[in-house]
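Visitor: Sharing structure-v9.pdb (PDB, C-alpha atoms) below.
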ATOM      1  CA  MET R   1     -16.116  -4.610  -1.751
ATOM      2  CA  ARG R   2     -12.988  -6.226  -0.437
ATOM      3  CA  THR R   3      -9.984  -5.123   1.576
ATOM      4  CA  ILE R   4      -6.454  -5.852   0.409
ATOM      5  CA  ARG R   5      -3.191  -5.503   2.348
ATOM      6  CA  ILE R   6      -0.032  -5.005   0.300
ATOM      7  CA  ASN R   7       3.468  -5.342   1.776
ATOM      8  CA  LEU R   8       6.550  -4.511  -0.282
ATOM      9  CA  PRO R   9      10.252  -4.473   0.621
ATOM     10  CA  PHE R  10      12.188  -1.276  -0.129
ATOM     11  CA  ALA R  11      15.733  -0.057   0.267
ATOM     12  CA  GLN R  12      16.130   2.192   3.299
ATOM     13  CA  ASN R  13      16.937   5.221   1.135
ATOM     14  CA  THR R  14      13.725   4.925  -0.956
ATOM     15  CA  GLY R  15      11.532   8.004  -0.497
ATOM     16  CA  ILE R  16       7.975   7.861   0.825
ATOM     17  CA  GLU R  17       6.539   9.250  -2.430
ATOM     18  CA  GLU R  18       8.137   6.452  -4.444
ATOM     19  CA  ARG R  19       6.956   3.858  -1.933
ATOM     20  CA  HIS R  20       3.398   5.236  -2.024
ATOM     21  CA  PHE R  21       3.370   5.183  -5.835
ATOM     22  CA  SER R  22       4.565   1.548  -5.969
ATOM     23  CA  LEU R  23       2.032   0.395  -3.371
ATOM     24  CA  PHE R  24      -0.792   2.274  -5.080
ATOM     25  CA  GLU R  25       0.081   0.841  -8.507
ATOM     26  CA  TRP R  26      -0.039  -2.702  -7.076
ATOM     27  CA  ALA R  27      -3.401  -1.929  -5.477
ATOM     28  CA  LYS R  28      -4.856  -0.648  -8.761
ATOM     29  CA  THR R  29      -3.568  -3.724 -10.575
ATOM     30  CA  LEU R  30      -5.155  -6.088  -8.063
ATOM     31  CA  VAL R  31      -8.605  -4.506  -8.479
ATOM     32  CA  ASN R  32      -8.448  -4.134 -12.290
ATOM     33  CA  SER R  33      -7.818  -0.361 -12.193
ATOM     34  CA  ALA R  34     -10.944   0.384 -10.152
ATOM     35  CA  PHE R  35     -10.779   3.313  -7.761
ATOM     36  CA  VAL R  36      -9.514   2.321  -4.302
ATOM     37  CA  ASN R  37      -9.763   3.959  -0.889
ATOM     38  CA  VAL R  38      -6.520   3.910   1.080
ATOM     39  CA  ILE R  39      -7.394   2.871   4.620
ATOM     40  CA  THR R  40      -3.897   2.824   6.137
ATOM     41  CA  GLU R  41      -0.360   3.305   4.915
ATOM     42  CA  GLU R  42       2.708   2.520   7.013
ATOM     43  CA  HIS R  43       6.399   2.919   6.250
ATOM     44  CA  TYR R  44       9.152   1.064   8.057
ATOM     45  CA  GLU R  45      12.908   1.000   7.675
ATOM     46  CA  GLY R  46      13.018  -1.701   5.001
ATOM     47  CA  SER R  47       9.407  -2.092   3.907
ATOM     48  CA  SER R  48       6.050  -0.396   3.519
ATOM     49  CA  SER R  49       2.468  -1.576   3.676
ATOM     50  CA  MET R  50      -0.881  -0.274   2.530
ATOM     51  CA  VAL R  51      -4.426  -1.438   3.219
ATOM     52  CA  VAL R  52      -6.922  -0.502   0.529
ATOM     53  CA  GLU R  53     -10.584  -1.125  -0.115
ATOM     54  CA  ASN R  54     -11.926  -1.365  -3.633
ATOM     55  CA  THR R  55     -15.022   0.662  -4.461
ATOM     56  CA  TYR R  56     -16.861  -1.677  -6.791
ATOM     57  CA  ASP R  57     -19.310  -4.284  -5.602
ATOM     58  CA  LEU R  58     -18.471  -7.792  -6.813
ATOM     59  CA  ASP R  59     -22.137  -8.845  -6.625
ATOM     60  CA  ASN R  60     -23.327  -6.115  -9.004
ATOM     61  CA  GLU R  61     -20.847  -6.536 -11.874
TER      62      GLU R  61
END
Let me see whether you can do it: turn the structure in this file into structure tokens.
Guide:
Amino acid sequence: MRTIRINLPFAQNTGIEERHFSLFEWAKTLVNSAFVNVITEEHYEGSSSMVVENTYDLDNE
């Protein structure tokens, strides 16, 4: 397993749902569509961040 932190800039008027969707899509892309656990998600005025952990073991692939 590995932990990934994703930071993306957003316009101030972008809703939290849209931000979450964009962050989650990036996370899925980075782990080849494997299921991820969201550890933390933070939203600021002009950006958002998410820390995820993939659920597959790199040693057992």
Visitor: Using the chain letters and numbers from the file, give me the residues hit by the PyMOL selection byres ((chain R and resi 40) around 6), as a list in words.
Guide: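 Taken on the displayed file, the PyMOL selection byres ((chain R and resi 40) around 6) yields the residues Val38, Ile39, Glu41, Met50 and Val51 of chain R.
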Visitor: Pick from R:Asn13, R:Thr3, R:Ser48, R:Thr55: nearest to Val36 (chain R), with only C-alpha atoms counted?
Guide: R:Thr55
Visitor: Under the PyMOL selection byres ((chain R and resi 11) around 12), which residues of this model are included? Write them out as an MDAnalysis selection string.
Guide: chainID R and resid 8:10 12:16 18:19 43:48
Visitor: Name every residue that the PyMOL selection byres ((chain R and resi 26-28) around 12) selects in this structure, writing the answer as a VMD selection string with chains first and numbers rising.
Guide: chain R and resid 2 to 8 19 to 25 29 to 39 49 to 55
Visitor: Enclose region 37-56 of chain R, meaning all of its atoms listed in the file, in a box aligned along x, y and z, pad it by 3 Å on each side, and list the centre and edge lengths in Å to one decimal, as JSON.
Guide:
{"center_x": -1.9, "center_y": 0.9, "center_z": 0.6, "size_x": 35.9, "size_y": 12.1, "size_z": 20.8}
